[in-house]
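Undergrad: Provided herewith: upload.cif, mmCIF, C-alpha atoms.
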```cif
data_my_file
#
loop_
_atom_site.label_atom_id
_atom_site.label_comp_id
_atom_site.auth_asym_id
_atom_site.auth_seq_id
_atom_site.Cartn_x
_atom_site.Cartn_y
_atom_site.Cartn_z
CA MET A 20 107.98 -34.50 22.32
CA PRO A 21 108.56 -31.56 24.70
CA LEU A 22 107.49 -31.81 28.30
CA ILE A 23 104.43 -29.99 29.52
CA GLY A 24 103.75 -29.21 33.15
CA CYS A 25 100.32 -28.69 34.65
CA HIS A 26 100.13 -25.15 35.98
CA GLN A 27 97.84 -26.18 38.80
CA CYS A 28 99.14 -29.46 40.21
CA ASP A 29 102.65 -29.76 38.74
CA ALA A 30 102.12 -33.09 37.04
CA VAL A 31 104.56 -33.41 34.12
CA VAL A 32 103.62 -35.17 30.91
CA GLU A 33 104.94 -35.50 27.40
CA GLU A 34 103.01 -33.07 25.29
CA PRO A 35 100.02 -34.89 23.83
CA VAL A 36 98.95 -34.39 20.21
CA VAL A 37 95.80 -32.30 20.32
CA PRO A 38 93.60 -31.61 17.28
CA ASP A 39 93.14 -28.01 16.21
CA GLY A 40 90.68 -26.22 18.48
CA GLY A 41 90.92 -28.96 21.11
CA ALA A 42 92.26 -28.81 24.65
CA ALA A 43 94.49 -31.05 26.74
CA ILE A 44 93.21 -31.78 30.26
CA CYS A 45 95.48 -32.76 33.14
CA PHE A 46 95.10 -36.46 34.02
CA ARG A 47 95.72 -35.69 37.67
CA CYS A 48 93.77 -32.57 38.66
CA GLY A 49 91.45 -32.05 35.69
CA GLY A 50 92.72 -28.55 34.90
CA THR A 51 93.27 -27.35 31.34
CA LEU A 52 96.89 -27.85 30.27
CA PHE A 53 96.54 -25.85 27.06
CA ARG A 54 94.17 -25.22 24.18
CA ARG A 55 95.68 -25.97 20.81
CA GLN A 56 95.05 -23.43 18.10
CA SER A 57 97.38 -23.77 15.15
CA GLU A 58 96.61 -20.34 13.66
CA THR A 59 96.70 -18.76 17.09
CA VAL A 60 98.93 -15.81 16.16
CA GLU A 61 96.92 -14.86 13.08
CA ILE A 62 93.42 -15.21 14.58
CA THR A 63 94.34 -13.54 17.88
CA LEU A 64 96.11 -10.73 16.06
CA ALA A 65 93.06 -10.02 13.89
CA LEU A 66 90.81 -9.98 16.96
CA ALA A 67 93.26 -7.76 18.85
CA PHE A 68 93.23 -5.22 16.00
CA ALA A 69 89.43 -5.14 16.04
CA ALA A 70 89.51 -4.81 19.82
CA ALA A 71 91.96 -1.90 19.63
CA ILE A 72 89.67 0.08 17.29
CA LEU A 73 86.59 -0.65 19.38
CA PHE A 74 88.44 0.23 22.57
CA ILE A 75 89.37 3.64 21.17
CA VAL A 76 85.75 4.26 20.13
CA ALA A 77 84.52 3.06 23.53
CA ASN A 78 86.83 5.57 25.22
CA ALA A 79 86.32 8.50 22.91
CA TYR A 80 82.52 8.68 22.97
CA PRO A 81 80.01 8.77 25.83
CA PHE A 82 78.28 5.46 26.56
CA LEU A 83 75.31 6.90 28.40
CA ALA A 84 73.60 10.28 28.52
CA PHE A 85 71.22 11.25 31.28
CA GLU A 86 68.51 13.85 30.85
CA MET A 87 66.48 15.34 33.66
CA GLN A 88 64.32 18.46 33.47
CA GLY A 89 66.18 19.81 30.48
CA GLN A 90 69.64 19.25 31.91
CA GLU A 91 71.86 16.67 30.32
CA THR A 92 75.00 14.90 31.50
CA GLN A 93 77.07 12.38 29.60
CA THR A 94 79.57 9.84 30.76
CA THR A 95 82.56 8.29 29.07
CA LEU A 96 84.79 5.57 30.49
CA GLY A 97 87.25 8.12 31.81
CA SER A 98 84.72 10.53 33.30
CA GLY A 99 83.51 7.88 35.76
CA ALA A 100 86.93 7.51 37.33
CA LYS A 101 87.41 11.28 37.16
CA ALA A 102 84.11 11.99 38.95
CA LEU A 103 85.07 9.62 41.76
CA TRP A 104 88.46 11.31 42.02
CA GLU A 105 86.78 14.71 42.33
CA GLN A 106 84.61 13.37 45.15
CA GLU A 107 87.84 12.39 46.88
CA SER A 108 87.24 8.64 46.55
CA TYR A 109 90.80 8.31 45.31
CA ALA A 110 91.28 4.58 45.90
CA VAL A 111 88.03 3.59 44.22
CA ALA A 112 88.78 5.94 41.32
CA ALA A 113 92.20 4.35 40.89
CA LEU A 114 90.71 0.84 41.00
CA VAL A 115 88.12 1.73 38.36
CA PHE A 116 90.77 3.37 36.17
CA LEU A 117 93.04 0.33 36.49
CA THR A 118 90.40 -2.29 35.72
CA THR A 119 88.44 -0.56 32.96
CA ILE A 120 91.01 1.59 31.14
CA PHE A 121 94.63 0.91 32.02
CA ALA A 122 94.62 -2.91 32.20
CA PRO A 123 92.48 -3.43 29.06
CA ALA A 124 94.60 -0.89 27.15
CA CYS A 125 97.81 -2.67 28.18
CA GLU A 126 96.27 -6.04 27.43
CA ILE A 127 95.32 -5.05 23.87
CA PHE A 128 98.47 -3.01 23.17
CA LEU A 129 100.89 -5.67 24.45
CA LEU A 130 99.10 -8.36 22.47
CA LEU A 131 99.50 -6.31 19.27
CA TYR A 132 103.11 -5.50 20.17
CA VAL A 133 104.05 -9.17 20.61
CA LEU A 134 101.95 -10.78 17.88
CA THR A 135 102.44 -8.37 14.95
CA PRO A 136 106.19 -9.08 14.57
CA LEU A 137 105.62 -12.81 15.24
CA HIS A 138 103.18 -12.90 12.36
CA LEU A 139 105.93 -11.40 10.15
CA GLY A 140 108.41 -14.00 11.37
CA ARG A 141 110.30 -11.61 13.65
CA ARG A 142 110.52 -10.97 17.33
CA ALA A 143 109.59 -7.67 18.97
CA TYR A 144 112.18 -5.93 21.17
CA LYS A 145 111.84 -7.47 24.67
CA ALA A 146 108.97 -9.65 23.44
CA ALA A 147 109.24 -12.07 26.38
CA ALA A 148 108.97 -9.28 28.93
CA ALA A 149 106.04 -7.75 27.03
CA PHE A 150 104.16 -11.05 26.92
CA ARG A 151 104.89 -11.60 30.61
CA TRP A 152 103.33 -8.23 31.41
CA PHE A 153 100.38 -9.10 29.20
CA GLU A 154 99.76 -12.17 31.38
CA ARG A 155 100.03 -9.99 34.49
CA PHE A 156 97.49 -7.44 33.31
CA ARG A 157 94.98 -9.97 32.01
CA PRO A 158 93.23 -10.80 35.31
CA TRP A 159 92.81 -7.09 36.08
CA SER A 160 91.04 -6.22 32.86
CA MET A 161 87.34 -6.33 33.70
CA MET A 162 85.48 -4.79 30.77
CA GLU A 163 82.83 -7.52 30.70
CA VAL A 164 81.97 -6.89 34.34
CA PHE A 165 81.70 -3.17 33.56
CA LEU A 166 79.14 -3.94 30.84
CA ILE A 167 76.89 -5.63 33.43
CA GLY A 168 77.44 -2.58 35.62
CA ILE A 169 76.10 -0.36 32.81
CA PHE A 170 72.91 -2.47 32.60
CA VAL A 171 72.34 -2.28 36.35
CA ALA A 172 72.88 1.50 36.31
CA LEU A 173 70.43 1.78 33.40
CA VAL A 174 67.71 0.05 35.39
CA LYS A 175 68.35 2.14 38.49
CA LEU A 176 68.08 5.40 36.55
CA ALA A 177 65.18 4.43 34.29
CA ASP A 178 62.56 5.72 36.78
CA LEU A 179 64.37 8.93 37.47
CA ALA A 180 65.12 10.33 34.07
CA GLU A 181 65.58 9.65 30.42
CA ILE A 182 68.62 7.57 29.51
CA ILE A 183 70.11 7.79 26.05
CA PRO A 184 72.57 5.06 25.06
CA GLY A 185 75.64 6.40 23.24
CA ILE A 186 77.88 5.10 20.46
CA ALA A 187 80.39 3.80 22.98
CA LEU A 188 77.78 1.43 24.41
CA TRP A 189 77.55 -0.40 21.07
CA ALA A 190 81.34 -0.42 20.78
CA PHE A 191 81.42 -1.97 24.26
CA ALA A 192 78.86 -4.61 23.43
CA LEU A 193 81.00 -5.65 20.43
CA LEU A 194 84.29 -5.37 22.29
CA ILE A 195 83.37 -7.89 25.01
CA PRO A 196 82.85 -10.93 22.73
CA ILE A 197 85.89 -9.94 20.64
CA LEU A 198 88.14 -9.78 23.72
CA ALA A 199 86.70 -13.09 24.92
CA GLY A 200 87.46 -14.55 21.49
CA ALA A 201 91.02 -13.25 21.60
CA SER A 202 91.53 -15.02 24.96
CA ALA A 203 89.93 -18.22 23.71
CA PHE A 204 92.07 -18.38 20.55
CA LEU A 205 95.28 -17.43 22.30
CA ASP A 206 97.48 -20.52 22.66
CA ALA A 207 100.04 -19.08 25.08
CA GLU A 208 102.31 -22.12 24.87
CA LEU A 209 102.66 -21.73 21.08
CA VAL A 210 103.25 -17.99 21.43
CA TRP A 211 106.04 -18.60 23.97
CA ARG A 212 107.62 -21.08 21.58
CA ARG A 213 107.45 -18.64 18.70
CA ILE A 214 108.97 -15.92 20.85
CA GLU A 215 111.88 -18.32 21.39
CA HIS A 216 112.10 -19.30 17.72
CA PRO A 217 110.34 -16.69 15.56
CA GLU A 218 110.70 -18.71 12.37
CA MET B 205 101.39 -40.63 40.06
CA SER B 206 103.46 -39.06 37.31
CA HIS B 207 105.25 -41.19 34.76
CA PRO B 208 108.37 -42.76 36.34
CA SER B 209 110.71 -41.72 33.52
CA LEU B 210 109.57 -38.11 33.57
CA PRO B 211 111.14 -35.37 35.68
CA VAL B 212 109.51 -34.69 39.01
CA THR B 213 108.80 -31.10 39.92
CA GLY B 214 108.11 -31.67 43.60
CA PRO B 215 108.81 -29.16 46.38
CA THR B 216 112.51 -30.15 46.46
CA GLY B 217 112.87 -31.82 43.04
CA PRO B 218 115.51 -31.15 40.37
CA HIS B 219 112.95 -29.57 38.01
CA ALA B 220 110.56 -26.69 38.34
CA GLN B 221 107.81 -25.25 36.29
CA CYS B 222 107.92 -21.56 35.43
CA HIS B 223 104.92 -19.78 36.98
CA VAL B 224 104.58 -17.47 34.01
CA CYS B 225 105.16 -19.47 30.82
CA CYS B 226 104.78 -23.03 32.22
CA LEU B 227 108.13 -24.21 30.83
CA VAL B 228 109.56 -27.22 32.69
CA VAL B 229 113.15 -26.29 33.50
CA ALA B 230 116.05 -28.15 35.09
CA LEU B 231 117.24 -26.31 38.19
CA PRO B 232 120.93 -25.64 38.87
CA PRO B 233 122.54 -28.56 40.76
CA GLU B 234 123.16 -26.53 43.95
CA THR B 235 119.39 -26.41 44.57
CA ALA B 236 119.03 -30.21 44.65
CA GLY B 237 117.21 -31.52 47.70
CA VAL B 238 116.82 -28.03 49.13
CA THR B 239 113.45 -26.36 49.60
CA ASP B 240 112.63 -23.12 47.83
CA GLN B 241 112.80 -21.17 51.05
CA GLU B 242 116.35 -22.24 51.82
CA VAL B 243 117.35 -21.48 48.23
CA HIS B 244 115.96 -17.96 48.50
CA HIS B 245 117.66 -17.26 51.76
CA GLY B 246 120.89 -18.34 50.08
CA ASP B 247 120.32 -15.68 47.39
CA VAL B 248 120.17 -18.12 44.50
CA TYR B 249 118.26 -16.41 41.77
CA PHE B 250 117.29 -18.57 38.86
CA SER B 251 115.38 -17.14 35.94
CA CYS B 252 113.38 -18.95 33.28
CA PRO B 253 115.39 -19.39 30.05
CA ARG B 254 112.25 -18.75 27.99
CA CYS B 255 110.47 -15.82 29.64
CA ALA B 256 113.09 -14.59 32.17
CA ALA B 257 110.67 -14.67 35.13
CA GLU B 258 112.09 -15.84 38.44
CA VAL B 259 111.57 -19.58 38.83
CA HIS B 260 110.21 -21.05 42.06
CA ARG B 261 109.13 -24.61 42.57
CA ARG B 262 106.24 -23.32 44.66
CA LYS B 263 104.86 -19.81 45.00
CA PRO B 264 106.95 -18.12 47.72
CA ASP B 265 105.35 -17.92 51.19
CA SER B 266 102.07 -19.01 49.65
CA LEU B 267 100.20 -19.91 52.83
CA SER B 268 101.17 -16.90 54.94
CA ARG B 269 100.46 -14.51 52.08
CA THR B 270 97.09 -16.10 51.41
CA TRP B 271 96.19 -15.91 55.11
CA ALA B 272 97.19 -12.26 55.28
CA PHE B 273 94.99 -11.31 52.31
CA LEU B 274 92.09 -13.43 53.61
CA VAL B 275 92.15 -11.90 57.09
CA ALA B 276 92.30 -8.41 55.57
CA ALA B 277 89.39 -9.26 53.24
CA LEU B 278 87.32 -10.59 56.16
CA ILE B 279 87.92 -7.41 58.16
CA CYS B 280 86.93 -5.20 55.19
CA TYR B 281 83.87 -7.35 54.48
CA ILE B 282 82.07 -6.05 57.59
CA PRO B 283 82.20 -2.28 56.86
CA ALA B 284 81.63 -3.07 53.16
CA ASN B 285 78.17 -4.34 54.05
CA LEU B 286 77.34 -2.03 56.95
CA TYR B 287 78.29 1.32 55.41
CA PRO B 288 76.30 2.70 52.48
CA ILE B 289 78.07 2.44 49.14
CA MET B 290 76.39 5.58 47.81
CA THR B 291 74.02 8.39 48.68
CA SER B 292 71.59 9.77 46.12
CA THR B 293 70.08 13.19 46.71
CA SER B 294 67.06 14.08 44.60
CA LEU B 295 65.23 17.38 45.15
CA GLY B 296 66.38 17.66 48.73
CA THR B 297 65.69 14.10 49.86
CA ALA B 298 68.75 11.97 50.45
CA GLN B 299 68.78 8.20 50.30
CA SER B 300 71.70 5.97 51.22
CA ASP B 301 72.13 2.56 49.65
CA THR B 302 74.05 -0.38 51.02
CA ILE B 303 74.97 -3.37 48.86
CA LEU B 304 71.95 -5.28 50.11
CA SER B 305 69.44 -2.44 49.73
CA GLY B 306 70.60 -2.06 46.12
CA VAL B 307 69.67 -5.68 45.47
CA ILE B 308 66.29 -5.23 47.19
CA PHE B 309 65.64 -2.18 45.00
CA LEU B 310 66.15 -4.24 41.83
CA PHE B 311 63.92 -7.03 43.16
CA SER B 312 61.12 -4.66 44.10
CA HIS B 313 61.21 -3.19 40.59
CA GLY B 314 60.63 -6.60 39.07
CA MET B 315 64.13 -6.79 37.59
CA TRP B 316 64.77 -10.17 39.15
CA PRO B 317 67.32 -11.49 36.61
CA LEU B 318 69.49 -8.43 37.18
CA ALA B 319 68.79 -8.53 40.93
CA LEU B 320 69.94 -12.13 40.96
CA ILE B 321 73.17 -11.28 39.09
CA VAL B 322 73.98 -8.46 41.52
CA PHE B 323 73.02 -10.54 44.55
CA VAL B 324 75.22 -13.42 43.45
CA ALA B 325 78.10 -11.16 42.37
CA SER B 326 78.12 -8.87 45.41
CA VAL B 327 76.85 -10.98 48.30
CA VAL B 328 77.31 -14.66 47.47
CA VAL B 329 80.62 -14.58 45.53
CA PRO B 330 82.76 -12.78 48.16
CA VAL B 331 81.50 -15.09 50.93
CA ILE B 332 82.00 -18.26 48.87
CA LYS B 333 85.43 -17.06 47.86
CA ILE B 334 86.65 -16.28 51.37
CA VAL B 335 85.15 -19.44 52.90
CA THR B 336 86.49 -21.72 50.13
CA LEU B 337 89.99 -20.26 50.27
CA ILE B 338 90.09 -20.60 54.07
CA GLY B 339 89.02 -24.23 53.63
CA LEU B 340 91.72 -24.85 51.00
CA VAL B 341 94.49 -23.25 53.08
CA LEU B 342 93.42 -25.24 56.15
CA SER B 343 93.29 -28.44 54.09
CA VAL B 344 96.98 -27.92 53.21
CA GLN B 345 97.94 -27.05 56.79
CA TRP B 346 96.08 -30.04 58.19
CA LYS B 347 97.65 -32.29 55.51
CA SER B 348 94.22 -33.29 54.31
CA GLN B 349 93.87 -36.20 51.87
CA TRP B 350 90.26 -35.34 51.02
CA ARG B 351 89.44 -35.51 47.29
CA PRO B 352 92.28 -33.45 45.77
CA ARG B 353 90.54 -33.32 42.39
CA ARG B 354 87.44 -31.82 43.98
CA ARG B 355 89.60 -29.26 45.81
CA ALA B 356 91.50 -28.41 42.60
CA PHE B 357 88.14 -27.79 40.93
CA LEU B 358 87.00 -25.55 43.80
CA TYR B 359 90.17 -23.50 43.40
CA ARG B 360 89.54 -23.01 39.69
CA ILE B 361 86.00 -21.83 40.43
CA VAL B 362 87.24 -19.36 43.05
CA GLU B 363 89.80 -17.97 40.60
CA ALA B 364 87.21 -17.49 37.86
CA ILE B 365 84.34 -15.86 39.77
CA GLY B 366 86.15 -13.24 41.84
CA ARG B 367 86.13 -10.47 39.23
CA TRP B 368 82.32 -10.42 38.99
CA SER B 369 82.07 -8.82 42.41
CA MET B 370 83.25 -5.58 40.83
CA VAL B 371 79.76 -4.96 39.39
CA ASP B 372 78.62 -2.86 42.33
CA VAL B 373 81.72 -0.67 42.27
CA TYR B 374 81.07 0.03 38.56
CA VAL B 375 77.40 0.83 39.18
CA VAL B 376 78.42 3.44 41.75
CA THR B 377 81.00 4.84 39.31
CA ILE B 378 78.48 5.20 36.48
CA LEU B 379 75.82 6.77 38.71
CA VAL B 380 78.33 9.21 40.18
CA ALA B 381 79.49 10.21 36.70
CA LEU B 382 75.96 10.60 35.29
CA VAL B 383 74.00 12.13 38.12
CA HIS B 384 75.60 15.38 39.13
CA LEU B 385 72.98 18.05 38.55
CA GLY B 386 73.65 20.02 41.73
CA SER B 387 70.61 20.29 44.01
CA LEU B 388 68.34 18.65 41.45
CA ALA B 389 69.97 15.22 41.59
CA LEU B 390 73.32 14.08 42.91
CA VAL B 391 74.92 10.73 43.58
CA GLU B 392 77.96 10.46 45.82
CA ALA B 393 80.18 7.48 46.54
CA GLU B 394 80.38 6.49 50.20
CA LEU B 395 82.79 4.61 52.43
CA GLY B 396 81.12 1.24 51.74
CA ALA B 397 82.29 1.40 48.11
CA PHE B 398 85.89 1.74 49.26
CA PHE B 399 85.68 -1.26 51.58
CA PHE B 400 83.81 -3.30 49.02
CA GLY B 401 86.46 -2.59 46.37
CA ALA B 402 89.08 -3.56 48.94
CA VAL B 403 87.32 -6.91 49.54
CA VAL B 404 87.33 -7.66 45.79
CA VAL B 405 91.01 -6.77 45.34
CA LEU B 406 92.09 -8.62 48.50
CA THR B 407 90.24 -11.81 47.58
CA ILE B 408 91.72 -11.73 44.05
CA LEU B 409 95.19 -11.33 45.58
CA ALA B 410 94.46 -14.14 48.07
CA ALA B 411 93.46 -16.51 45.26
CA GLU B 412 96.56 -15.49 43.30
CA SER B 413 98.87 -16.16 46.28
CA PHE B 414 97.51 -19.61 47.03
CA ASP B 415 99.51 -22.37 45.34
CA PRO B 416 97.17 -25.27 44.47
CA ARG B 417 100.21 -27.55 44.10
CA LEU B 418 100.60 -27.58 47.88
CA MET B 419 97.46 -29.71 48.06
CA TRP B 420 99.03 -32.28 45.75
CA ASP B 421 102.28 -32.23 47.72
CA GLN B 422 100.34 -33.56 50.73
CA ILE B 423 98.93 -36.38 48.62
CA GLU B 424 102.42 -37.32 47.37
CA ALA B 425 103.90 -37.02 50.90
CA ARG B 426 101.40 -39.60 52.17
CA ARG B 427 102.11 -41.88 49.21
CA GLU B 428 105.82 -42.12 49.98
#
```
Could you write out this file's structure as structure tokens?

TA:
Amino acid sequence: MPLIGCHQCDAVVEEPVVPDGGAAICFRCGGTLFRRQSETVEITLALAFAAAILFIVANAYPFLAFEMQGQETQTTLGSGAKALWEQESYAVAALVFLTTIFAPACEIFLLLYVLTPLHLGRRAYKAAAAFRWFERFRPWSMMEVFLIGIFVALVKLADLAEIIPGIALWAFALLIPILAGASAFLDAELVWRRIEHPE
Amino acid sequence: MSHPSLPVTGPTGPHAQCHVCCLVVALPPETAGVTDQEVHHGDVYFSCPRCAAEVHRRKPDSLSRTWAFLVAALICYIPANLYPIMTSTSLGTAQSDTILSGVIFLFSHGMWPLALIVFVASVVVPVIKIVTLIGLVLSVQWKSQWRPRRRAFLYRIVEAIGRWSMVDVYVVTILVALVHLGSLALVEAELGAFFFGAVVVLTILAAESFDPRLMWDQIEARRE
């Protein structure tokens, strides 16, 4: 049995046998060692494909339109960061761009890049580096927080004018649980092993 | 506490765990009995055989980095709450909103579930995060033996909740993007949004820099 280290307290144990869908918990600190998902590559890949399509829709169409005395404005994901940039709030614009567009895009793209060849029994060029970057971008991808932000903005504007939800809003609402599912089904330990030995 | 026959990945042990892919690796013999810091000053670079990330037994300069981010976050926290995060101009009347007045607005409009989310995300979470991390860093520096499992749990909570503070930054973004009808209605981002975003980023970086294993090292040090 290979050795498994706890990421949080450094206890080292022989890898326990965990049933499919179960998780191993560290005996010492109580943190999750890993979640075992035998079909992890296939399930995560399918979810990542769905997420990629929804992400493109969510970016291409406006998610809210605002109508006041006959004038209408629309907003897409990108136009929010762009509007901040134009108001010279460069740092905030960059932060919003990073957390709602760049990091999620990298997260989804890198996942597809690493998992598609693995599914076919091969290894992508520089797969280890790609998966390492995927892990780096993950904490900075905050789409689910953005969704709550949309709801709060909706309430704030409801008195002022008419708000029309756009196609992208529905794409968003679907994208969040799919991305959460992709994270939940991703068994990083198994993926690292398959990167080492694709067959 | 670990199994006697298993490798030990202590602060000077012969094994280390990769920070990125969690592989337990045997370190080169010249690092035996030497702390990470001394190894790094000797320019020994050891990369993980599985994912090629640089291997450290403990996150480098964890405590000083965490302190630096925490102090910076504390400093930014004050202007983040004092300055308005946005100004809305509607038909000539301008109104500036701080984080707190935004929450009060939601409450007064009867949207208490949403008000609660924003209040927790923007006011409670940053404070809890900063206070908890200061406590954890001090507990390592004071070689505390207090309930390591409880502290490990606190750290996991802090890591998980930080991102939710971004809600207010996103609300400002969406309002700025939607409401730009010239003199009729206009929303502009203000300095508070910048400082608030800075608090969120700095606390995330602080949590990332802190190495929870240092707490366990103190427990093991006492045991020996």

Undergrad: If the PyMOL selection byres ((chain B) within 6 of (chain A)) is run on the structure shown, which residues does it catch, given as number ranges by chain?

TA: B: 255, 353, 368, 371, 374-375, 377-378, 381-382, 398, 416-417

Undergrad: Written as an mmCIF file with C-alpha atoms, in the frame of the given file, which residues does the PyMOL selection byres ((chain A and resi 53-59) around 6) give for the file shown?

TA:
```
data_model
loop_
_atom_site.group_PDB
_atom_site.id
_atom_site.type_symbol
_atom_site.label_atom_id
_atom_site.label_comp_id
_atom_site.auth_asym_id
_atom_site.auth_seq_id
_atom_site.Cartn_x
_atom_site.Cartn_y
_atom_site.Cartn_z
ATOM 1 C CA ASP A 39 93.140 -28.010 16.210
ATOM 2 C CA GLY A 40 90.680 -26.220 18.480
ATOM 3 C CA GLY A 41 90.920 -28.960 21.110
ATOM 4 C CA ALA A 42 92.260 -28.810 24.650
ATOM 5 C CA ALA A 43 94.490 -31.050 26.740
ATOM 6 C CA THR A 51 93.270 -27.350 31.340
ATOM 7 C CA LEU A 52 96.890 -27.850 30.270
ATOM 8 C CA VAL A 60 98.930 -15.810 16.160
ATOM 9 C CA GLU A 61 96.920 -14.860 13.080
ATOM 10 C CA ILE A 62 93.420 -15.210 14.580
ATOM 11 C CA THR A 63 94.340 -13.540 17.880
ATOM 12 C CA PHE A 204 92.070 -18.380 20.550
ATOM 13 C CA LEU A 205 95.280 -17.430 22.300
ATOM 14 C CA ASP A 206 97.480 -20.520 22.660
#
```

Undergrad: Smallest atom-to-atom distance to Asp372 in chain B: which of B:Leu342, B:Ala410, B:Val324, B:Leu337, using all atoms listed in the file?

TA: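 Among B:Leu342, B:Ala410, B:Val324, B:Leu337, it is B:Val324 that comes nearest to Asp372 in chain B.
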
Undergrad: Expand the PyMOL selection byres ((chain A and resi 185) around 6) into the explicit residue set it covers here, and present it as a ChimeraX atom specification.

TA: /A:81-83,184,186-188

Undergrad: Find the spatial neighbours of Gly89 in chain A, counting all atoms listed in the file, within a cut-off of 12 Å - ignore same-chain residues fewer than 5 positions away - and output them as a CSV table (one decimal) with C-alpha atoms, in the coordinates of the input.

TA:
```csv
chain,number,residue,atom,x,y,z
A,180,ALA,CA,65.1,10.3,34.1
A,181,GLU,CA,65.6,9.6,30.4
B,385,LEU,CA,73.0,18.0,38.6
B,388,LEU,CA,68.3,18.6,41.4
```

Undergrad: If I take CA of Leu395 in chain B and CA of Trp271 in chain B, how far is one from the other in Å, to one decimal?

TA: 24.7 Å

Undergrad: Calculate how many Å separate CA of Thr336 in chain B from CA of Ile321 in chain B, rounding to one decimal.

TA: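 Interatomic distance, CA of Thr336 in chain B to CA of Ile321 in chain B: 20.2 Å.
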
Undergrad: Could you work out how far CA of Gly306 in chain B lies from CA of Thr293 in chain B, giving the answer in Å with one decimal?

TA: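 Straight-line distance from CA of Thr293 in chain B to CA of Gly306 in chain B works out to 15.3 Å.
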
Undergrad: Identify the residues around (97.4, -21.8, 55.9) within a radius of 10 Å, measuring from only C-alpha atoms in the coordinates stated by the file, and give them as an NGL selection string.

TA: :B and (266-272 or 337-346 or 414)

Undergrad: Do you know which residues lie at most 12 Å from (81.3, -2.5, 21.0), with coordinates as in the file and all atoms listed in the file counted, and could you write them as a PyMOL selection string?

TA: chain A and resi 69-78+80+82+162-163+166+185-198

Undergrad: Put the listed atoms of range 259-276 of chain B in a box along x, y and z with 6 Å added on every side and give me the centre and edge lengths in Å to one decimal, as lines of an AutoDock Vina configuration file.

TA:
```
center_x = 101.8
center_y = -16.5
center_z = 48.0
size_x = 31.5
size_y = 28.2
size_z = 30.3
```
